[in-house]
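In what follows, a structure is listed as structure tokens, so that the remarks can point back to it.
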Amino acid sequence: MSSYGRLSVVTALLFFLASGRAAALTLDQQLDMIIDVYRLSPALCDIDQGLKDPEMASVGEVLFSTPVLSGYQDTSCATCHLDQRALTDGLPMAVGVGAEGEGEERLSGDGVVVPRNAFTLFGRASSEYEVFFWDGKVLAQDGKIFSPIGEGKDLGFRSPLALAAILPLLARDEFLGKQSFIESTAHLDLIDSSYYGEKVDAANEVLQLILADTNNQLVGQLLEVLEENGFSAAQVTLPFVGNALASFIAEKVSNCPKTDWERYLDGHVDALSTEEKRGAIVFFGKGRCAACHSGSRFSDFQFHSIAAPQGDLGTHIHGQDIGRAGVTYDKDDRFRFRTPPLLLVSETPPYGHSGAFSSLEEVVLFHMNPIPFFAEKGWNSTREKLTYGKILGSRSELLQYIDVTSSEELESLVAFLRTL
Ligand code: HEC
Ligand code: HEC
């Protein structure tokens with residue numbers, strides 16, 4: 001069927017659900033129609049072929065949790081992607097080098113704020129997953145991997161996840177550290193002062209410098225796992241690190257827990273309560289959530305703006321985060337972010353690219369009406385109050401069609417989100 005044909009079937013479904021005739025059907029019958037028209041199925045539980053590599057995964061396991069690659073040797077991937085928080089950190093915005101501890105503990109002290117909310121890593125090793133980060137700065141298309149450091153396949157990365165996995169290593173806030181610490185970690189300056197394209201060479205040099213420090217216990221641990229799995233230190237390049245991290249992430253999250261929603265899709269009608277079923281019907285029906293949160297992962301992997309508040313912390317001008325426009329330089333992309341996938345969403349608060357929303361209720365309501373949020377919370381600063389108009393102007397037109405009109409509907413939507 002052409003995409004126009006599909007669109008009209010969806011429109012017909014939306015009309016039908018809004019009409020009195022839908023009420024004559026049971027909730028399960030209505031959901032059957034929805035599943036059929038949207039062609040819904042559980043998320044593919046596959047692992048990108050190139051990532052199935054037990055030896056690399058063993059090396060990746062050590063790389064994921066060793067702080068030795070960070071500027072002050074105090075931060076690792078596991079610092080922000082914690083097992084007990086569904087592989088996020090539970091913070092509005094992540095805190096990188098210079099902080100201690102986990103989760104909220106990292107807020108006290110001199111840690112460098114990474115001005116974005118951390119993602120979980122579940123599902124990211126699937127071949128279906130092609131766009132990474134809030135701004136999509138790593139993107140797989142036509143067999144190529146586009147990224148700020150160049151085309152990934154040419155560089156030797158086995159998958160977009162492998163490339164996404166090493167970008168934190170090149171970031172000052174997450175790993176490298178502040179300028180003032182440079183004296184103690186002079187070689188890191190090499191990476192930071194290079195243009196992105198040259199960062200790979202610089203990082204390869206740095207990796208060799210780190211591995212040469214054989215008196216360091218953490219380096220010893222790394223050399224040991226390399227040897228055990230048949231690799232030598234000389235083989236350790238940035239793409240090698242990315243491929244190993246990605247193989248480990250793939251292995252770590254490959255058990256693919258079936259969510260209640262996916263069990264429902266598999267035919268277990270009791271997997272959802274009546275309220276959750278009502279919520280699903282709102283989500284795909286008058287809530288129009290699936291206009292953006294579509295497919296088995298609940299994301300179209302496109303970029304939209306809901307005009308999320310962001311305080312004064314952002315990587316771009318005036319402390320704001322212009323999102324996708326920072327990658328494409330297209331002004332129409334300002335304040336647009338990748339539609340976040342919603343699997344496991346109830347386990348990963350806070351929400352939004354800047355972590356401004358503490359609960360699901362808050363972020364869902366904000367899609368329909370941003371005013372209650374500011375009425376209740378006020379503004380972070382005068383600057384935010386004065387600049388928010390620009391962000392508001394970027395709000396997607398699609399949000400106008402959301403037609404949730406009672407608190408029961410809102411509550412049922414949130415109940416449904418908790419089943420994902
Ligand atoms: C200081 C905290 C922090 C550390 C350390 C960190 N991350 Fe992250 N991670 C984040 C944040 C924040 C984001 C979202 C950033 C963005 O989208 O711009 C993220 C996003 C990601 C993503 C993209 C997920 C998606 O859905 O697009 C991957 C993959 C990832 N991190 C892997 C890693 C790996 C591997 C390491 C170790 C080399 C690591 N991270 C270290 C905080 C951290
Ligand atoms: C125009 C596209 C669009 C529509 C329609 C839409 N969303 Fe979103 N949603 C987004 C984007 C983009 C974000 C992230 C915005 C940001 O942080 O700047 C988001 C964020 C979220 C989040 C937070 C997820 C997280 O991990 O931070 C939830 C939950 C959510 N949406 C649920 C819904 C529900 C429920 C509906 C229907 C009532 C809906 N959305 C409709 C685009 C959309």
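Letters A, B, ... go to the chains of the structure tokens in the order shown; residues in each chain start at 1; ligands are counted from 1 in the same order.
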List all protein, DNA and RNA residues that have at least one atom no more than 8 Å from any atom of ligand 2, counting only C-alpha atoms and all ligand atoms, and write them as a JSON list (two decimals) with C-alpha atoms, in the first residue's frame.
```json
[["chain", "number", "residue", "atom", "x", "y", "z"],
["A", 117, "ASN", "CA", 19.41, 13.68, 30.19],
["A", 119, "PHE", "CA", 19.42, 7.45, 27.85],
["A", 134, "TRP", "CA", 19.03, 13.48, 21.39],
["A", 282, "VAL", "CA", -6.06, 7.07, 23.79],
["A", 283, "PHE", "CA", -2.36, 6.78, 22.86],
["A", 287, "GLY", "CA", -4.01, 11.34, 21.91],
["A", 288, "ARG", "CA", -2.23, 11.11, 18.55],
["A", 289, "CYS", "CA", 0.91, 10.09, 20.38],
["A", 290, "ALA", "CA", 1.77, 7.61, 17.61],
["A", 291, "ALA", "CA", 2.15, 10.51, 15.17],
["A", 292, "CYS", "CA", 5.69, 10.68, 16.61],
["A", 293, "HIS", "CA", 6.04, 7.82, 19.11],
["A", 303, "PHE", "CA", 13.20, 15.23, 15.21],
["A", 304, "HIS", "CA", 10.43, 17.36, 16.72],
["A", 305, "SER", "CA", 10.04, 20.13, 19.23],
["A", 306, "ILE", "CA", 7.66, 20.06, 22.18],
["A", 307, "ALA", "CA", 9.33, 23.27, 23.41],
["A", 308, "ALA", "CA", 10.74, 21.55, 26.48],
["A", 309, "PRO", "CA", 12.12, 24.01, 29.03],
["A", 335, "PHE", "CA", 14.97, 22.97, 19.44],
["A", 336, "ARG", "CA", 14.01, 19.74, 17.73],
["A", 337, "PHE", "CA", 15.08, 16.53, 19.43],
["A", 338, "ARG", "CA", 14.86, 12.86, 18.52],
["A", 339, "THR", "CA", 11.49, 11.49, 19.58],
["A", 340, "PRO", "CA", 12.53, 9.46, 22.62],
["A", 341, "PRO", "CA", 11.74, 5.74, 22.34],
["A", 342, "LEU", "CA", 9.34, 4.82, 25.16],
["A", 345, "VAL", "CA", 10.12, 4.71, 30.07],
["A", 348, "THR", "CA", 14.02, 6.18, 33.54],
["A", 349, "PRO", "CA", 12.87, 9.43, 35.18],
["A", 350, "PRO", "CA", 13.43, 12.35, 34.94],
["A", 351, "TYR", "CA", 12.27, 13.10, 31.40],
["A", 352, "GLY", "CA", 12.96, 15.33, 28.40],
["A", 353, "HIS", "CA", 16.32, 16.19, 26.85],
["A", 354, "SER", "CA", 17.08, 18.54, 29.72],
["A", 355, "GLY", "CA", 15.53, 16.33, 32.39],
["A", 357, "PHE", "CA", 10.17, 16.84, 33.93],
["A", 360, "LEU", "CA", 5.41, 10.97, 33.36],
["A", 363, "VAL", "CA", 5.89, 15.49, 30.58],
["A", 364, "VAL", "CA", 2.70, 14.13, 28.98],
["A", 365, "LEU", "CA", 0.64, 17.15, 30.08],
["A", 367, "HIS", "CA", 2.84, 18.12, 25.24],
["A", 368, "MET", "CA", -0.72, 19.45, 25.35],
["A", 395, "ARG", "CA", 6.59, 23.68, 18.97],
["A", 396, "SER", "CA", 5.46, 21.04, 16.51],
["A", 397, "GLU", "CA", 2.11, 21.64, 14.85],
["A", 398, "LEU", "CA", 1.30, 17.96, 15.37],
["A", 399, "LEU", "CA", 0.79, 18.64, 19.07],
["A", 401, "TYR", "CA", -4.16, 17.61, 17.26],
["A", 402, "ILE", "CA", -3.84, 15.90, 20.62],
["A", 404, "VAL", "CA", -7.13, 14.49, 25.57],
["A", 413, "LEU", "CA", -2.28, 7.30, 29.18],
["A", 414, "VAL", "CA", 0.26, 7.28, 31.99],
["A", 417, "LEU", "CA", 3.14, 4.13, 29.43]]
```
Find the residues of chain A that sit at most 6 Å from ligand 1; for each, write down the nearest two atoms and how far apart they are in Å, to one decimal. Count only C-alpha atoms and all ligand atoms. Sort by chain, then by number going up, and give it as CSV.
```
residue,atom,partner,partner_atom_place_in_ligand_line,distance
A:Phe64,CA,ligand 1,37 (C),5.7
A:Thr75,CA,ligand 1,5 (C),5.7
A:Ser76,CA,ligand 1,5 (C),5.0
A:Cys77,CA,ligand 1,37 (C),3.3
A:Thr79,CA,ligand 1,5 (C),5.6
A:Cys80,CA,ligand 1,2 (C),4.3
A:Ala94,CA,ligand 1,2 (C),4.8
A:Val95,CA,ligand 1,1 (C),4.7
A:Gly96,CA,ligand 1,1 (C),3.4
A:Val114,CA,ligand 1,12 (C),5.9
A:Arg116,CA,ligand 1,12 (C),4.6
A:Asn117,CA,ligand 1,12 (C),4.6
A:Ala118,CA,ligand 1,11 (C),3.5
A:Phe119,CA,ligand 1,20 (C),5.1
A:Leu121,CA,ligand 1,24 (C),5.7
A:Phe132,CA,ligand 1,27 (O),3.3
A:Phe133,CA,ligand 1,17 (O),3.3
A:Trp134,CA,ligand 1,17 (O),3.8
A:Leu161,CA,ligand 1,29 (C),5.6
A:Ala164,CA,ligand 1,29 (C),4.9
A:Ala165,CA,ligand 1,35 (C),3.8
A:Ile166,CA,ligand 1,38 (C),5.4
A:Pro168,CA,ligand 1,41 (C),5.4
A:Leu169,CA,ligand 1,38 (C),5.6
A:Glu174,CA,ligand 1,1 (C),4.3
A:Leu245,CA,ligand 1,35 (C),5.8
```
For this session: Might you pull out every residue within 12 Å of range 207-216 of chain A, with only C-alpha atoms counted and same-chain residues fewer than 3 positions away left off, and present them as a PyMOL selection string?
Result: chain A and resi 63+67-71+73+169-170+185-188+190-191+199-204+219-224+226+232-241
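Of the listed residues (A:Thr120, A:Ser407, A:Thr11, A:Ser19), A:Thr120 comes nearest to Asp89 in chain A; the distances count only C-alpha atoms.
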Problem set entry | Atom pair CA of Thr26 in chain A / CA of Lys277 in chain A: separation (Å) |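 These two atoms are separated by 10.3 Å.
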For this session: Taking the DSSP assignment computed from this structure's backbone, write out as an MDAnalysis selection string all residues of range 29-222 of chain A that belong to alpha helix (DSSP H).
Result: chainID A and resid 29:37 54:65 77:80 152:155 160:166 188:192 196:212 217:222
For this session: Tell me which protein, DNA and RNA residues are within 7 Å of Phe157 in chain A, counting only C-alpha atoms, leaving out same-chain ones fewer than 2 positions away, and put them as a PyMOL selection string.
Result: chain A and resi 152-153+155+159+162-163+239+242-243
So that I have them on file, write out the residues from the current selection with all heavy atoms, as a PDB file, in the first residue's frame.
```pdb
ATOM      1  N   GLY A 152      31.536   6.073   9.687  1.00  0.00           N
ATOM      2  CA  GLY A 152      31.958   5.068  10.646  1.00  0.00           C
ATOM      3  C   GLY A 152      32.456   3.757  10.072  1.00  0.00           C
ATOM      4  O   GLY A 152      33.414   3.185  10.574  1.00  0.00           O
ATOM      5  N   LYS A 153      31.808   3.267   9.005  1.00  0.00           N
ATOM      6  CA  LYS A 153      32.208   1.968   8.442  1.00  0.00           C
ATOM      7  C   LYS A 153      33.654   2.050   7.934  1.00  0.00           C
ATOM      8  O   LYS A 153      34.468   1.166   8.179  1.00  0.00           O
ATOM      9  CB  LYS A 153      31.264   1.562   7.303  1.00  0.00           C
ATOM     10  CG  LYS A 153      29.915   1.035   7.807  1.00  0.00           C
ATOM     11  CD  LYS A 153      29.993  -0.467   8.107  1.00  0.00           C
ATOM     12  CE  LYS A 153      28.920  -0.986   9.044  1.00  0.00           C
ATOM     13  NZ  LYS A 153      27.590  -1.071   8.480  1.00  0.00           N
ATOM     14  N   LEU A 155      35.931   3.944   8.990  1.00  0.00           N
ATOM     15  CA  LEU A 155      36.855   4.053  10.128  1.00  0.00           C
ATOM     16  C   LEU A 155      37.023   2.722  10.854  1.00  0.00           C
ATOM     17  O   LEU A 155      37.900   2.585  11.700  1.00  0.00           O
ATOM     18  CB  LEU A 155      36.342   5.102  11.127  1.00  0.00           C
ATOM     19  CG  LEU A 155      36.434   6.577  10.692  1.00  0.00           C
ATOM     20  CD1 LEU A 155      35.641   7.467  11.640  1.00  0.00           C
ATOM     21  CD2 LEU A 155      37.893   7.025  10.644  1.00  0.00           C
ATOM     22  N   SER A 159      29.107  -1.024  13.841  1.00  0.00           N
ATOM     23  CA  SER A 159      27.683  -0.660  13.891  1.00  0.00           C
ATOM     24  C   SER A 159      27.572   0.768  14.404  1.00  0.00           C
ATOM     25  O   SER A 159      28.519   1.287  14.994  1.00  0.00           O
ATOM     26  CB  SER A 159      26.932  -1.601  14.838  1.00  0.00           C
ATOM     27  OG  SER A 159      27.156  -1.183  16.171  1.00  0.00           O
ATOM     28  N   ALA A 162      28.488   1.074  17.977  1.00  0.00           N
ATOM     29  CA  ALA A 162      29.930   1.069  18.258  1.00  0.00           C
ATOM     30  C   ALA A 162      30.494   2.480  18.157  1.00  0.00           C
ATOM     31  O   ALA A 162      31.343   2.887  18.954  1.00  0.00           O
ATOM     32  CB  ALA A 162      30.651   0.128  17.304  1.00  0.00           C
ATOM     33  N   LEU A 163      29.985   3.231  17.192  1.00  0.00           N
ATOM     34  CA  LEU A 163      30.477   4.602  17.054  1.00  0.00           C
ATOM     35  C   LEU A 163      29.913   5.497  18.166  1.00  0.00           C
ATOM     36  O   LEU A 163      30.633   6.283  18.790  1.00  0.00           O
ATOM     37  CB  LEU A 163      30.112   5.153  15.678  1.00  0.00           C
ATOM     38  CG  LEU A 163      31.030   6.284  15.208  1.00  0.00           C
ATOM     39  CD1 LEU A 163      30.908   6.492  13.710  1.00  0.00           C
ATOM     40  CD2 LEU A 163      30.763   7.595  15.914  1.00  0.00           C
ATOM     41  N   PRO A 239      38.208   2.626  17.143  1.00  0.00           N
ATOM     42  CA  PRO A 239      37.176   1.702  16.635  1.00  0.00           C
ATOM     43  C   PRO A 239      37.164   0.367  17.390  1.00  0.00           C
ATOM     44  O   PRO A 239      36.087  -0.174  17.657  1.00  0.00           O
ATOM     45  CB  PRO A 239      37.581   1.485  15.168  1.00  0.00           C
ATOM     46  CG  PRO A 239      38.362   2.705  14.817  1.00  0.00           C
ATOM     47  CD  PRO A 239      39.103   3.101  16.065  1.00  0.00           C
ATOM     48  N   GLY A 242      35.244   0.963  20.521  1.00  0.00           N
ATOM     49  CA  GLY A 242      33.818   1.085  20.216  1.00  0.00           C
ATOM     50  C   GLY A 242      33.183  -0.269  19.934  1.00  0.00           C
ATOM     51  O   GLY A 242      32.102  -0.590  20.450  1.00  0.00           O
ATOM     52  N   ASN A 243      33.867  -1.077  19.128  1.00  0.00           N
ATOM     53  CA  ASN A 243      33.319  -2.392  18.788  1.00  0.00           C
ATOM     54  C   ASN A 243      33.216  -3.276  20.027  1.00  0.00           C
ATOM     55  O   ASN A 243      32.238  -4.012  20.202  1.00  0.00           O
ATOM     56  CB  ASN A 243      34.190  -3.065  17.716  1.00  0.00           C
ATOM     57  CG  ASN A 243      34.109  -2.337  16.384  1.00  0.00           C
ATOM     58  OD1 ASN A 243      33.116  -1.662  16.093  1.00  0.00           O
ATOM     59  ND2 ASN A 243      35.148  -2.428  15.572  1.00  0.00           N
TER      60      ASN A 243
END
```
Problem set entry | range 39-45 of chain A environment, 9 Å, only C-alpha atoms, sequence neighbours closer than 4 positions dropped, as a list of chain:residue names |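 These residues fall inside the cut-off: A:Ile34, A:Ile35, A:Gly123, A:Ser126, A:Ser127, A:Glu128, A:Ser254, A:Asn255, A:Cys256, A:Lys258, A:Thr259, A:Trp261, A:Glu262, A:Arg263, A:Leu265, A:Asp266, A:Gly295, A:Ser296, A:Arg297.
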Exercise. Nearest to Val37 in chain A among A:Arg6, A:Arg124, A:Lys52, A:His318, with distances taken over only C-alpha atoms: which residue is it?
Worked result: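 Among the listed residues, the smallest separation from Val37 in chain A belongs to A:Arg6.
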For this session: Report the distance between CA of Val206 in chain A and CA of Ala171 in chain A in Å, rounded to one decimal place.
Result: 14.0 Å
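The coordinates place CA of Tyr264 in chain A at 13.4 Å from CA of Ile281 in chain A.
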Exercise. Just asking: which residues within range 100-316 of chain A are strand (DSSP E) according to DSSP, as a ChimeraX atom specification?
Worked result: /A:113-114,131-132,138-141,144-146,303-304
For this session: Compile the contact shell of Glu275 in chain A as a VMD selection string: residues with an atom at most 12 Å away, counting only C-alpha atoms, same-chain residues fewer than 4 positions apart removed.
Result: chain A and resid 27 to 28 270 to 271 279 to 282 408 to 419
For N, CA and C atoms, I'd like the residues from the last selection saved as a PDB file, in the first residue's frame.
```pdb
ATOM      1  N   LEU A  27     -12.947  -3.279  24.548  1.00  0.00           N
ATOM      2  CA  LEU A  27     -11.632  -2.645  24.467  1.00  0.00           C
ATOM      3  C   LEU A  27     -10.685  -3.506  23.637  1.00  0.00           C
ATOM      4  N   ASP A  28     -10.749  -4.825  23.832  1.00  0.00           N
ATOM      5  CA  ASP A  28      -9.858  -5.716  23.083  1.00  0.00           C
ATOM      6  C   ASP A  28     -10.155  -5.662  21.585  1.00  0.00           C
ATOM      7  N   ASP A 270      -4.832 -10.781  29.091  1.00  0.00           N
ATOM      8  CA  ASP A 270      -4.826 -10.378  30.500  1.00  0.00           C
ATOM      9  C   ASP A 270      -3.573  -9.603  30.893  1.00  0.00           C
ATOM     10  N   ALA A 271      -2.657  -9.424  29.955  1.00  0.00           N
ATOM     11  CA  ALA A 271      -1.405  -8.734  30.293  1.00  0.00           C
ATOM     12  C   ALA A 271      -1.637  -7.265  30.620  1.00  0.00           C
ATOM     13  N   GLY A 279      -5.901   3.430  28.108  1.00  0.00           N
ATOM     14  CA  GLY A 279      -4.762   4.311  27.830  1.00  0.00           C
ATOM     15  C   GLY A 279      -4.161   4.037  26.457  1.00  0.00           C
ATOM     16  N   ALA A 280      -4.060   2.750  26.102  1.00  0.00           N
ATOM     17  CA  ALA A 280      -3.496   2.393  24.790  1.00  0.00           C
ATOM     18  C   ALA A 280      -4.373   2.969  23.676  1.00  0.00           C
ATOM     19  N   ILE A 281      -5.710   2.902  23.891  1.00  0.00           N
ATOM     20  CA  ILE A 281      -6.627   3.410  22.859  1.00  0.00           C
ATOM     21  C   ILE A 281      -6.482   4.934  22.732  1.00  0.00           C
ATOM     22  N   VAL A 282      -6.292   5.616  23.865  1.00  0.00           N
ATOM     23  CA  VAL A 282      -6.059   7.069  23.791  1.00  0.00           C
ATOM     24  C   VAL A 282      -4.729   7.342  23.077  1.00  0.00           C
ATOM     25  N   GLU A 408      -9.163  11.564  33.578  1.00  0.00           N
ATOM     26  CA  GLU A 408      -9.186  10.101  33.468  1.00  0.00           C
ATOM     27  C   GLU A 408      -8.369   9.654  32.251  1.00  0.00           C
ATOM     28  N   GLU A 409      -8.546  10.382  31.149  1.00  0.00           N
ATOM     29  CA  GLU A 409      -7.798  10.016  29.936  1.00  0.00           C
ATOM     30  C   GLU A 409      -6.298  10.186  30.147  1.00  0.00           C
ATOM     31  N   LEU A 410      -5.929  11.284  30.791  1.00  0.00           N
ATOM     32  CA  LEU A 410      -4.507  11.541  31.052  1.00  0.00           C
ATOM     33  C   LEU A 410      -3.937  10.435  31.942  1.00  0.00           C
ATOM     34  N   GLU A 411      -4.691  10.087  32.994  1.00  0.00           N
ATOM     35  CA  GLU A 411      -4.216   9.033  33.909  1.00  0.00           C
ATOM     36  C   GLU A 411      -4.087   7.684  33.186  1.00  0.00           C
ATOM     37  N   SER A 412      -5.045   7.412  32.301  1.00  0.00           N
ATOM     38  CA  SER A 412      -4.971   6.116  31.615  1.00  0.00           C
ATOM     39  C   SER A 412      -3.773   6.070  30.669  1.00  0.00           C
ATOM     40  N   LEU A 413      -3.473   7.231  30.053  1.00  0.00           N
ATOM     41  CA  LEU A 413      -2.283   7.302  29.183  1.00  0.00           C
ATOM     42  C   LEU A 413      -1.027   6.944  29.967  1.00  0.00           C
ATOM     43  N   VAL A 414      -0.922   7.540  31.165  1.00  0.00           N
ATOM     44  CA  VAL A 414       0.264   7.278  31.994  1.00  0.00           C
ATOM     45  C   VAL A 414       0.293   5.805  32.417  1.00  0.00           C
ATOM     46  N   ALA A 415      -0.884   5.259  32.738  1.00  0.00           N
ATOM     47  CA  ALA A 415      -0.946   3.833  33.106  1.00  0.00           C
ATOM     48  C   ALA A 415      -0.443   2.980  31.940  1.00  0.00           C
ATOM     49  N   PHE A 416      -0.840   3.358  30.719  1.00  0.00           N
ATOM     50  CA  PHE A 416      -0.368   2.607  29.543  1.00  0.00           C
ATOM     51  C   PHE A 416       1.152   2.720  29.385  1.00  0.00           C
ATOM     52  N   LEU A 417       1.681   3.949  29.577  1.00  0.00           N
ATOM     53  CA  LEU A 417       3.137   4.135  29.428  1.00  0.00           C
ATOM     54  C   LEU A 417       3.903   3.225  30.391  1.00  0.00           C
ATOM     55  N   ARG A 418       3.293   2.971  31.568  1.00  0.00           N
ATOM     56  CA  ARG A 418       3.976   2.112  32.543  1.00  0.00           C
ATOM     57  C   ARG A 418       4.022   0.642  32.121  1.00  0.00           C
ATOM     58  N   THR A 419       3.281   0.275  31.094  1.00  0.00           N
ATOM     59  CA  THR A 419       3.311  -1.129  30.642  1.00  0.00           C
ATOM     60  C   THR A 419       4.362  -1.347  29.554  1.00  0.00           C
TER      61      THR A 419
END
```
Exercise. Restricting the calculation to only C-alpha atoms, which member of A:Gly230, A:Phe373, A:Asp135, A:Asp300 is positioned closest to Ile322 in chain A?
Worked result: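 Comparing A:Gly230, A:Phe373, A:Asp135, A:Asp300 against Ile322 in chain A, the winner is A:Asp135.
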Problem set entry | Top pick for closest residue to His81 in chain A, considering A:Arg278, A:Ile249, A:Leu51, A:Val138 and counting only C-alpha atoms |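 Using only C-alpha atoms, the shortest distance to His81 in chain A belongs to A:Ile249.
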For this session: Using only C-alpha atoms, pick whichever of A:Glu347, A:Ser8, A:Val225, A:Pro257 has the shortest atom-to-atom distance to Val62 in chain A.
Result: A:Val225
